[in-house]
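Novice: See upload_9.cif below, with mmCIF, C-alpha atoms and all ligand atoms.
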data_structure
#
loop_
_atom_site.label_atom_id
_atom_site.label_comp_id
_atom_site.auth_asym_id
_atom_site.auth_seq_id
_atom_site.Cartn_x
_atom_site.Cartn_y
_atom_site.Cartn_z
CA MET O 26 -4.18 5.56 -30.20
CA LEU O 27 -2.38 2.32 -30.98
CA LEU O 28 0.91 3.78 -29.77
CA THR O 29 -0.74 4.91 -26.54
CA SER O 30 -2.18 1.45 -25.96
CA LEU O 31 1.17 -0.19 -26.49
CA LEU O 32 2.85 2.19 -24.09
CA LEU O 33 0.17 1.58 -21.49
CA ILE O 34 0.65 -2.15 -21.80
CA ALA O 35 4.38 -1.74 -21.40
CA GLY O 36 3.80 0.50 -18.40
CA ALA O 37 6.36 2.85 -19.82
CA VAL O 38 4.49 6.12 -20.06
CA ASP O 39 6.74 9.00 -19.05
CA GLY O 40 5.83 10.66 -15.80
CA GLN O 41 3.61 7.85 -14.58
CA PRO O 42 4.53 7.16 -10.97
CA ARG O 43 6.05 3.74 -10.39
CA VAL O 44 4.28 2.41 -7.32
CA ILE O 45 5.14 -0.32 -4.82
CA ILE O 46 2.36 -1.30 -2.40
CA ASP O 47 3.63 -2.76 0.91
CA THR O 48 0.61 -4.42 2.51
CA ASP O 49 -0.38 -6.45 5.58
CA LEU O 50 -3.20 -8.03 3.61
CA ARG O 51 -4.56 -10.74 5.89
CA SER O 52 -6.71 -9.31 8.65
CA ASP O 53 -8.42 -6.08 7.65
CA VAL O 54 -10.09 -5.92 4.24
CA ASP O 55 -9.03 -2.40 3.23
CA ASP O 56 -5.77 -3.83 1.91
CA ALA O 57 -7.75 -5.84 -0.67
CA GLY O 58 -9.78 -2.73 -1.48
CA THR O 59 -6.56 -0.76 -1.93
CA LEU O 60 -5.13 -3.28 -4.38
CA ALA O 61 -8.38 -3.00 -6.37
CA MET O 62 -8.16 0.79 -6.36
CA VAL O 63 -4.50 0.86 -7.40
CA ASN O 64 -5.11 -1.65 -10.19
CA ALA O 65 -7.96 0.55 -11.43
CA LEU O 66 -5.68 3.59 -11.39
CA ALA O 67 -3.12 1.54 -13.33
CA ASP O 68 -5.86 0.60 -15.83
CA ASN O 69 -6.49 4.33 -16.23
CA GLY O 70 -2.83 4.97 -16.98
CA GLU O 71 -2.40 6.96 -13.76
CA CYS O 72 0.33 4.76 -12.27
CA ASP O 73 2.47 1.73 -12.95
CA LEU O 74 2.17 -0.95 -10.25
CA ILE O 75 5.70 -2.38 -10.30
CA GLY O 76 5.57 -4.60 -7.22
CA VAL O 77 3.78 -5.60 -4.05
CA ILE O 78 5.34 -6.50 -0.70
CA ALA O 79 3.55 -8.73 1.84
CA SER O 80 4.43 -7.79 5.42
CA GLN O 81 2.06 -10.29 7.04
CA THR O 82 2.83 -13.91 6.27
CA GLY O 83 0.58 -16.96 6.32
CA PRO O 84 0.22 -19.75 3.79
CA TYR O 85 -1.91 -18.00 1.15
CA ILE O 86 -0.77 -14.37 1.40
CA VAL O 87 1.20 -14.18 -1.84
CA GLY O 88 -1.46 -16.17 -3.69
CA ALA O 89 -4.17 -13.82 -2.43
CA ILE O 90 -2.33 -10.71 -3.63
CA ASN O 91 -1.58 -12.40 -6.94
CA ALA O 92 -5.22 -13.44 -7.37
CA ILE O 93 -6.29 -9.79 -7.13
CA ASN O 94 -3.60 -8.62 -9.55
CA THR O 95 -4.51 -11.49 -11.90
CA TRP O 96 -8.18 -10.39 -11.91
CA TYR O 97 -6.87 -7.09 -13.28
CA GLY O 98 -4.55 -8.74 -15.81
CA ARG O 99 -1.39 -8.05 -13.79
CA GLU O 100 -0.46 -11.60 -12.85
CA ASP O 101 3.21 -10.84 -13.53
CA VAL O 102 3.58 -8.02 -11.00
CA PRO O 103 6.19 -9.47 -8.62
CA ILE O 104 5.33 -10.03 -4.96
CA GLY O 105 7.94 -10.12 -2.18
CA LEU O 106 7.41 -11.71 1.22
CA ASN O 107 8.58 -10.45 4.62
CA PRO O 108 11.33 -12.87 5.73
CA ILE O 109 10.18 -12.45 9.34
CA ASP O 110 7.16 -14.66 9.96
CA ASP O 111 4.22 -12.58 11.19
CA GLN O 112 0.82 -14.25 11.53
CA ARG O 113 -0.55 -12.39 14.53
CA PHE O 114 -4.06 -11.75 13.27
CA ASP O 115 -7.16 -13.54 12.04
CA ASP O 116 -6.81 -14.50 8.40
CA HIS O 117 -10.34 -13.73 7.23
CA TYR O 118 -10.06 -14.09 3.48
CA ALA O 119 -6.53 -14.78 2.18
CA PRO O 120 -6.87 -18.61 2.42
CA ALA O 121 -10.03 -18.43 0.29
CA ILE O 122 -8.89 -16.05 -2.42
CA GLY O 123 -5.25 -17.17 -2.38
CA ASN O 124 -6.07 -20.79 -3.13
CA PRO O 125 -5.68 -21.24 -6.91
CA GLU O 126 -8.50 -23.77 -6.85
CA ASN O 127 -10.85 -20.86 -6.05
CA PHE O 128 -9.33 -17.91 -7.93
CA PRO O 129 -6.60 -18.04 -10.59
CA SER O 130 -3.12 -17.26 -9.26
CA THR O 131 0.37 -18.26 -10.32
CA GLN O 132 2.57 -16.92 -7.50
CA SER O 133 2.78 -18.35 -3.99
CA ASN O 134 4.74 -17.98 -0.76
CA GLU O 135 6.98 -20.80 -1.96
CA THR O 136 7.97 -19.00 -5.17
CA ALA O 137 8.07 -15.43 -3.81
CA PRO O 138 11.39 -13.63 -3.29
CA GLU O 139 12.04 -12.19 0.14
CA SER O 140 10.88 -8.58 0.44
CA THR O 141 14.34 -7.01 0.74
CA THR O 142 15.57 -8.75 -2.41
CA LEU O 143 12.54 -7.62 -4.40
CA TYR O 144 12.62 -4.06 -3.06
CA ARG O 145 16.29 -3.75 -3.99
CA ARG O 146 15.79 -5.23 -7.46
CA LEU O 147 12.79 -2.97 -8.23
CA LEU O 148 14.61 0.16 -7.05
CA HIS O 149 17.80 -0.77 -8.90
CA GLU O 150 15.85 -1.26 -12.17
CA SER O 151 13.95 2.02 -11.86
CA PRO O 152 14.95 5.46 -13.15
CA ASP O 153 16.23 7.91 -10.55
CA ASN O 154 13.63 9.53 -8.32
CA SER O 155 10.75 7.60 -9.93
CA VAL O 156 9.36 5.22 -7.28
CA LYS O 157 6.62 5.87 -4.75
CA ILE O 158 6.47 3.41 -1.87
CA VAL O 159 3.08 3.11 -0.14
CA VAL O 160 3.11 1.21 3.15
CA ILE O 161 -0.32 0.14 4.38
CA GLY O 162 0.76 -2.23 7.14
CA GLY O 163 3.66 -2.65 9.50
CA GLN O 164 7.03 -1.15 8.62
CA THR O 165 9.27 -4.22 9.08
CA PRO O 166 10.02 -4.70 5.34
CA ILE O 167 10.97 -1.05 4.71
CA ARG O 168 13.14 -1.09 7.82
CA LEU O 169 14.90 -4.19 6.43
CA LEU O 170 15.33 -2.39 3.08
CA LEU O 171 16.70 0.70 4.82
CA ASP O 172 19.24 -1.40 6.72
CA SER O 173 20.24 -3.67 3.83
CA GLU O 174 23.91 -3.89 2.89
CA ALA O 175 25.40 -3.48 -0.58
CA ASP O 176 25.39 -6.77 -2.49
CA HIS O 177 22.63 -8.13 -0.28
CA GLU O 178 21.99 -10.97 -2.74
CA GLY O 179 25.65 -11.93 -2.79
CA ASP O 180 25.95 -11.89 -6.58
CA GLY O 181 27.66 -8.51 -6.83
CA SER O 182 24.99 -7.04 -9.10
CA ILE O 183 23.66 -4.31 -6.80
CA ASN O 184 26.51 -2.61 -5.03
CA MET O 185 24.44 0.02 -3.29
CA THR O 186 23.20 -0.01 0.28
CA GLY O 187 19.50 0.20 0.95
CA MET O 188 19.99 3.79 2.09
CA GLU O 189 21.75 4.66 -1.20
CA LEU O 190 19.06 2.96 -3.31
CA ILE O 191 16.32 4.86 -1.47
CA GLU O 192 18.13 8.17 -1.86
CA ALA O 193 18.61 7.60 -5.59
CA LYS O 194 15.33 6.01 -6.65
CA VAL O 195 12.48 6.83 -4.24
CA SER O 196 10.53 10.03 -4.83
CA GLY O 197 8.27 9.66 -1.81
CA LEU O 198 7.27 7.40 1.06
CA TYR O 199 3.59 7.23 2.04
CA LEU O 200 2.66 5.62 5.34
CA MET O 201 -0.79 4.72 6.62
CA ALA O 202 0.34 5.06 10.20
CA GLY O 203 -0.17 7.05 13.36
CA ASN O 204 -2.99 9.16 14.74
CA PHE O 205 -2.66 12.93 14.43
CA GLU O 206 -5.98 13.70 16.13
CA ASN O 207 -6.04 11.52 19.25
CA LEU O 208 -2.54 12.02 20.60
CA GLU O 209 -2.92 9.23 23.18
CA HIS O 210 -3.72 6.52 20.62
CA ALA O 211 -0.96 4.02 19.82
CA GLU O 212 -2.10 3.22 16.27
CA HIS O 213 -2.19 -0.38 14.99
CA ASN O 214 0.31 -0.13 12.11
CA ILE O 215 2.81 1.68 14.32
CA MET O 216 2.49 -0.96 17.02
CA LEU O 217 2.94 -3.82 14.52
CA ASP O 218 6.64 -2.89 14.65
CA LEU O 219 7.22 0.10 16.90
CA GLU O 220 11.01 -0.06 16.58
CA ALA O 221 10.79 -0.06 12.77
CA SER O 222 8.25 2.81 12.76
CA GLN O 223 10.56 4.90 14.91
CA ARG O 224 13.64 4.02 12.88
CA VAL O 225 11.93 4.93 9.59
CA ALA O 226 10.68 8.24 11.04
CA ASN O 227 14.17 9.03 12.32
CA ASP O 228 16.34 7.91 9.44
CA TRP O 229 14.41 7.62 6.14
CA PRO O 230 16.39 9.78 3.69
CA GLY O 231 13.51 11.61 2.06
CA GLU O 232 10.02 13.01 2.41
CA ILE O 233 7.28 11.06 4.18
CA VAL O 234 3.53 11.72 4.11
CA TYR O 235 1.39 10.04 6.76
CA SER O 236 -2.31 9.23 6.55
CA GLY O 237 -3.39 8.76 10.16
CA PHE O 238 -6.06 6.50 11.63
CA GLU O 239 -8.55 9.39 11.71
CA ILE O 240 -8.38 9.97 7.94
CA GLY O 241 -9.62 6.58 6.75
CA ARG O 242 -11.73 5.34 9.66
CA PRO O 243 -14.93 7.25 8.78
CA VAL O 244 -14.56 6.60 5.03
CA ILE O 245 -16.71 3.52 4.43
CA THR O 246 -16.26 1.66 1.14
CA GLY O 247 -16.68 -1.81 -0.33
CA GLY O 248 -20.42 -2.27 0.15
CA ALA O 249 -20.96 -1.77 -3.59
CA MET O 250 -18.67 -4.64 -4.61
CA THR O 251 -20.36 -7.35 -6.69
CA ASN O 252 -19.61 -10.74 -8.25
CA PRO O 253 -17.76 -12.48 -5.39
CA GLU O 254 -17.74 -15.71 -7.40
CA GLU O 255 -15.25 -14.22 -9.87
CA ASN O 256 -13.86 -11.05 -8.27
CA PRO O 257 -11.50 -11.97 -5.41
CA VAL O 258 -11.82 -8.48 -3.90
CA ALA O 259 -15.59 -8.84 -3.65
CA LYS O 260 -15.02 -12.28 -2.09
CA ALA O 261 -12.71 -10.69 0.50
CA TYR O 262 -15.41 -8.17 1.42
CA GLU O 263 -17.94 -10.99 1.60
CA LEU O 264 -15.76 -12.99 3.98
CA PHE O 265 -14.72 -10.04 6.15
CA PRO O 266 -16.99 -9.91 9.21
CA ALA O 267 -17.94 -6.19 8.96
CA GLY O 268 -21.48 -7.01 7.84
CA GLY O 269 -21.54 -10.55 9.16
CA ARG O 270 -19.44 -13.16 7.39
CA GLY O 271 -21.10 -14.01 4.08
CA ASN O 272 -22.47 -10.52 3.47
CA ILE O 273 -20.70 -7.86 1.44
CA ALA O 274 -20.55 -4.75 3.58
CA GLY O 275 -18.61 -1.52 3.67
CA SER O 276 -15.59 -1.04 5.90
CA SER O 277 -13.11 1.67 6.84
CA SER O 278 -10.68 2.87 4.15
CA TYR O 279 -7.51 3.58 6.09
CA ASP O 280 -5.25 2.21 3.37
CA GLN O 281 -7.08 3.52 0.31
CA THR O 282 -6.70 7.13 1.52
CA MET O 283 -2.91 6.84 1.61
CA ALA O 284 -2.59 5.10 -1.75
CA TYR O 285 -5.00 7.56 -3.39
CA TYR O 286 -2.99 10.51 -2.12
CA ALA O 287 0.29 8.94 -3.23
CA ILE O 288 -0.94 8.47 -6.79
CA ARG O 289 -3.41 11.30 -7.41
CA GLY O 290 -2.61 13.86 -4.73
CA ASN O 291 -5.28 15.47 -2.59
CA MET O 292 -7.75 16.38 -5.34
CA ALA O 293 -10.69 14.59 -6.97
CA GLY O 294 -11.44 16.77 -9.96
CA ASP O 295 -12.01 20.22 -8.52
CA VAL O 296 -12.69 18.99 -4.98
CA GLN O 297 -9.96 18.94 -2.36
CA LEU O 298 -10.27 15.74 -0.33
CA TRP O 299 -7.64 16.54 2.28
CA ASP O 300 -5.41 19.34 3.45
CA VAL O 301 -1.75 18.63 3.95
CA SER O 302 -0.08 19.76 7.16
CA GLU O 303 2.85 22.10 7.48
CA PRO O 304 6.21 20.31 7.45
CA GLY O 305 7.60 18.91 10.65
CA THR O 306 9.04 15.89 12.36
CA VAL O 307 7.01 12.83 13.36
CA SER O 308 8.06 10.44 16.08
CA PHE O 309 6.55 7.58 18.06
CA PRO O 310 8.75 7.21 21.16
CA GLU O 311 6.19 5.15 23.05
CA GLY O 312 3.54 4.46 20.39
CA PRO O 313 1.32 7.56 20.33
CA THR O 314 2.10 10.06 17.58
CA ILE O 315 4.15 13.19 18.20
CA PHE O 316 4.36 15.90 15.51
CA GLU O 317 6.69 18.83 15.94
CA PRO O 318 6.36 21.60 13.32
CA ASP O 319 9.65 22.46 11.66
CA PRO O 320 10.06 24.38 8.38
CA ASP O 321 12.95 22.08 7.47
CA GLY O 322 11.10 18.90 8.48
CA GLN O 323 10.61 16.07 5.96
CA HIS O 324 7.24 14.87 7.30
CA ARG O 325 3.66 15.93 6.62
CA TYR O 326 0.29 14.40 7.38
CA LEU O 327 -3.17 14.51 5.84
CA ILE O 328 -5.96 16.58 7.42
CA ALA O 329 -9.60 15.76 6.64
CA ASP O 330 -11.33 18.35 4.46
CA ALA O 331 -14.09 17.05 2.15
CA PRO O 332 -17.09 15.22 3.67
CA PHE O 333 -16.25 11.58 4.42
CA GLU O 334 -19.15 10.38 2.25
CA TYR O 335 -17.68 12.19 -0.72
CA VAL O 336 -14.21 10.73 -0.17
CA ALA O 337 -15.84 7.30 0.05
CA GLU O 338 -17.66 7.82 -3.25
CA VAL O 339 -14.45 8.77 -5.03
CA ILE O 340 -12.56 5.76 -3.67
CA GLU O 341 -15.34 3.22 -4.12
CA GLU O 342 -15.90 4.27 -7.72
CA LEU O 343 -12.34 3.17 -8.43
CA MET O 344 -12.69 -0.05 -6.38
CA ILE O 345 -15.69 -1.15 -8.46
CA GLN O 346 -14.36 0.07 -11.81
CA PRO O 347 -14.50 -2.97 -14.14
CA PRO O 348 -10.99 -4.28 -14.89
CA LYS O 349 -9.77 -3.67 -18.39
CA ALA O 350 -8.65 -7.30 -18.43
CA GLN O 351 -12.27 -8.43 -18.00
CA ALA O 352 -13.60 -6.28 -20.87
CA GLU O 353 -14.15 -8.39 -23.96
CA CA M 401 -3.40 -2.62 6.04
#
What is this structure when it is put down as structure tokens?
Specialist:
Amino acid sequence: MLLTSLLLIAGAVDGQPRVIIDTDLRSDVDDAGTLAMVNALADNGECDLIGVIASQTGPYIVGAINAINTWYGREDVPIGLNPIDDQRFDDHYAPAIGNPENFPSTQSNETAPESTTLYRRLLHESPDNSVKIVVIGGQTPIRLLLDSEADHEGDGSINMTGMELIEAKVSGLYLMAGNFENLEHAEHNIMLDLEASQRVANDWPGEIVYSGFEIGRPVITGGAMTNPEENPVAKAYELFPAGGRGNIAGSSSYDQTMAYYAIRGNMAGDVQLWDVSEPGTVSFPEGPTIFEPDPDGQHRYLIADAPFEYVAEVIEELMIQPPKAQAE
């Protein structure tokens, strides 16, 4: 028991997936809900959250992510920031929860490494084939990683290209992106950086699973969050305008579906939440999603199976699971 606890604290349990969450936390609130869910899964010993990447910028983005991780006792999880400034959307809650006067946080945009540097460091330090990357926003940072040169930091310590690091260290890439049901819809995350989305689909050296717009949209979670005075995730749901600003209300769970699948697969106990498509090749030549079946393809996408209300229950239960760090 003691040994298990120590191993869990060290995050060194064999076989636990090492997870990096790459988020556009800023506008929609499901990114905050996803960080809550992933921290809960880490509390359960089901994954090791080794880093977070912020693809949207804005003055309190890193602080906001760090405030959530701090609530769960993971204040030291490193956060990398997209070097390309991107503040295209309303910032509903990050300035509130990312301000250390409101919620404890110790990292900030000023202290954060750039995303490519952090990605490369985390991959370099990880065992082979051990890292799952979950992208729940635009794909600019993973495109920058993919294109990074050997010795990117200029200190000679990592003499592998981004492509080589990905091939050696990444076991899977999971993208909340696209729409596999409405084939005329140019989905938001794809359009955040269409060129990057296309480049990743074309050239990523490994398997990709996509969770499309249609998977998370009808899955409504967050309405059961409580304690917005102390829990920064509950505060984010309170400030998000889904139920009128100032009221905690449920919202779509685009991002949670992808992160859940990446960590737990498509089951919740004995219930299958989603089917997984046949293999094929995904592309986005003009924005809308194209999937071409191909037995040798590296891409798959999720297909809704269980009732949406049931998927929501499973996800929300994790989002509201009390943090181990808050248990006295
Ligand atoms: Ca997102």
Novice: Just give me the gap between CA of Ser278 in chain O and CA of Gly241 in chain O in Å, one decimal is fine.
Specialist: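 Taking CA of Ser278 in chain O and CA of Gly241 in chain O, their separation equals 4.7 Å.
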Novice: So which residues fall inside 7 Å of (8.7, -5.0, -3.8) if we count only C-alpha atoms? Mind giving them as number ranges by chain?
Specialist: O: 45, 76-78, 104-105, 140, 143-144, 147
Novice: Excluding Gly294 in chain O and its own-chain neighbours fewer than 4 positions away, which residues fall within 12 Å of it when counting only C-alpha atoms? Please give them as a VMD selection string.
Specialist: chain O and resid 289 to 290 298 336 339
Novice: Identify, counting all atoms listed in the file, the protein, DNA and RNA residues located within 12 Å of ligand CA 401 (chain M), and give them as a PDB file with C-alpha atoms, keeping the file's coordinate frame.
Specialist:
ATOM      1  CA  ILE O  46       2.360  -1.300  -2.400  1.00  0.00           C
ATOM      2  CA  ASP O  47       3.630  -2.760   0.910  1.00  0.00           C
ATOM      3  CA  THR O  48       0.610  -4.420   2.510  1.00  0.00           C
ATOM      4  CA  ASP O  49      -0.380  -6.450   5.580  1.00  0.00           C
ATOM      5  CA  LEU O  50      -3.200  -8.030   3.610  1.00  0.00           C
ATOM      6  CA  ARG O  51      -4.560 -10.740   5.890  1.00  0.00           C
ATOM      7  CA  SER O  52      -6.710  -9.310   8.650  1.00  0.00           C
ATOM      8  CA  ASP O  53      -8.420  -6.080   7.650  1.00  0.00           C
ATOM      9  CA  VAL O  54     -10.090  -5.920   4.240  1.00  0.00           C
ATOM     10  CA  ASP O  55      -9.030  -2.400   3.230  1.00  0.00           C
ATOM     11  CA  ASP O  56      -5.770  -3.830   1.910  1.00  0.00           C
ATOM     12  CA  ALA O  57      -7.750  -5.840  -0.670  1.00  0.00           C
ATOM     13  CA  GLY O  58      -9.780  -2.730  -1.480  1.00  0.00           C
ATOM     14  CA  THR O  59      -6.560  -0.760  -1.930  1.00  0.00           C
ATOM     15  CA  LEU O  60      -5.130  -3.280  -4.380  1.00  0.00           C
ATOM     16  CA  ILE O  78       5.340  -6.500  -0.700  1.00  0.00           C
ATOM     17  CA  ALA O  79       3.550  -8.730   1.840  1.00  0.00           C
ATOM     18  CA  SER O  80       4.430  -7.790   5.420  1.00  0.00           C
ATOM     19  CA  GLN O  81       2.060 -10.290   7.040  1.00  0.00           C
ATOM     20  CA  PHE O 114      -4.060 -11.750  13.270  1.00  0.00           C
ATOM     21  CA  VAL O 159       3.080   3.110  -0.140  1.00  0.00           C
ATOM     22  CA  VAL O 160       3.110   1.210   3.150  1.00  0.00           C
ATOM     23  CA  ILE O 161      -0.320   0.140   4.380  1.00  0.00           C
ATOM     24  CA  GLY O 162       0.760  -2.230   7.140  1.00  0.00           C
ATOM     25  CA  GLY O 163       3.660  -2.650   9.500  1.00  0.00           C
ATOM     26  CA  GLN O 164       7.030  -1.150   8.620  1.00  0.00           C
ATOM     27  CA  LEU O 200       2.660   5.620   5.340  1.00  0.00           C
ATOM     28  CA  MET O 201      -0.790   4.720   6.620  1.00  0.00           C
ATOM     29  CA  ALA O 202       0.340   5.060  10.200  1.00  0.00           C
ATOM     30  CA  GLU O 212      -2.100   3.220  16.270  1.00  0.00           C
ATOM     31  CA  HIS O 213      -2.190  -0.380  14.990  1.00  0.00           C
ATOM     32  CA  ASN O 214       0.310  -0.130  12.110  1.00  0.00           C
ATOM     33  CA  ILE O 215       2.810   1.680  14.320  1.00  0.00           C
ATOM     34  CA  LEU O 217       2.940  -3.820  14.520  1.00  0.00           C
ATOM     35  CA  SER O 236      -2.310   9.230   6.550  1.00  0.00           C
ATOM     36  CA  PHE O 238      -6.060   6.500  11.630  1.00  0.00           C
ATOM     37  CA  GLY O 241      -9.620   6.580   6.750  1.00  0.00           C
ATOM     38  CA  SER O 277     -13.110   1.670   6.840  1.00  0.00           C
ATOM     39  CA  SER O 278     -10.680   2.870   4.150  1.00  0.00           C
ATOM     40  CA  TYR O 279      -7.510   3.580   6.090  1.00  0.00           C
ATOM     41  CA  ASP O 280      -5.250   2.210   3.370  1.00  0.00           C
ATOM     42  CA  GLN O 281      -7.080   3.520   0.310  1.00  0.00           C
ATOM     43  CA  THR O 282      -6.700   7.130   1.520  1.00  0.00           C
ATOM     44  CA  MET O 283      -2.910   6.840   1.610  1.00  0.00           C
ATOM     45  CA  ALA O 284      -2.590   5.100  -1.750  1.00  0.00           C
TER      46      ALA O 284
END
Novice: Name the residues in contact with Asp228 in chain O at a cut-off of 12 Å, using all atoms listed in the file, excluding same-chain residues fewer than 5 positions from it; report them as a VMD selection string.
Specialist: chain O and resid 167 to 168 171 to 172 187 to 188 191 to 192 220 to 223 233 306 to 308 323 to 324
Novice: Which one of O:Ala329, O:Ala137, O:Cys72, O:Leu169 sits closest to Pro103 in chain O if you count only C-alpha atoms?
Specialist: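 Ranked by minimum distance to Pro103 in chain O, first place goes to O:Ala137.
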Novice: Which centre and edge lengths in Å to one decimal define the box along x, y and z that fits every listed atom of range 101-118 of chain O plus 5 Å per side, as JSON?
Specialist:
{"center_x": 0.5, "center_y": -11.3, "center_z": 0.5, "size_x": 31.7, "size_y": 16.6, "size_z": 38.1}
Novice: Find the spatial neighbours of Tyr118 in chain O, counting only C-alpha atoms, within a cut-off of 12 Å - ignore same-chain residues fewer than 6 positions away - and output them as an MDAnalysis selection string.
Specialist: chainID O and resid 50:57 83:86 88:90 92 124 127 253 257:266 270:271
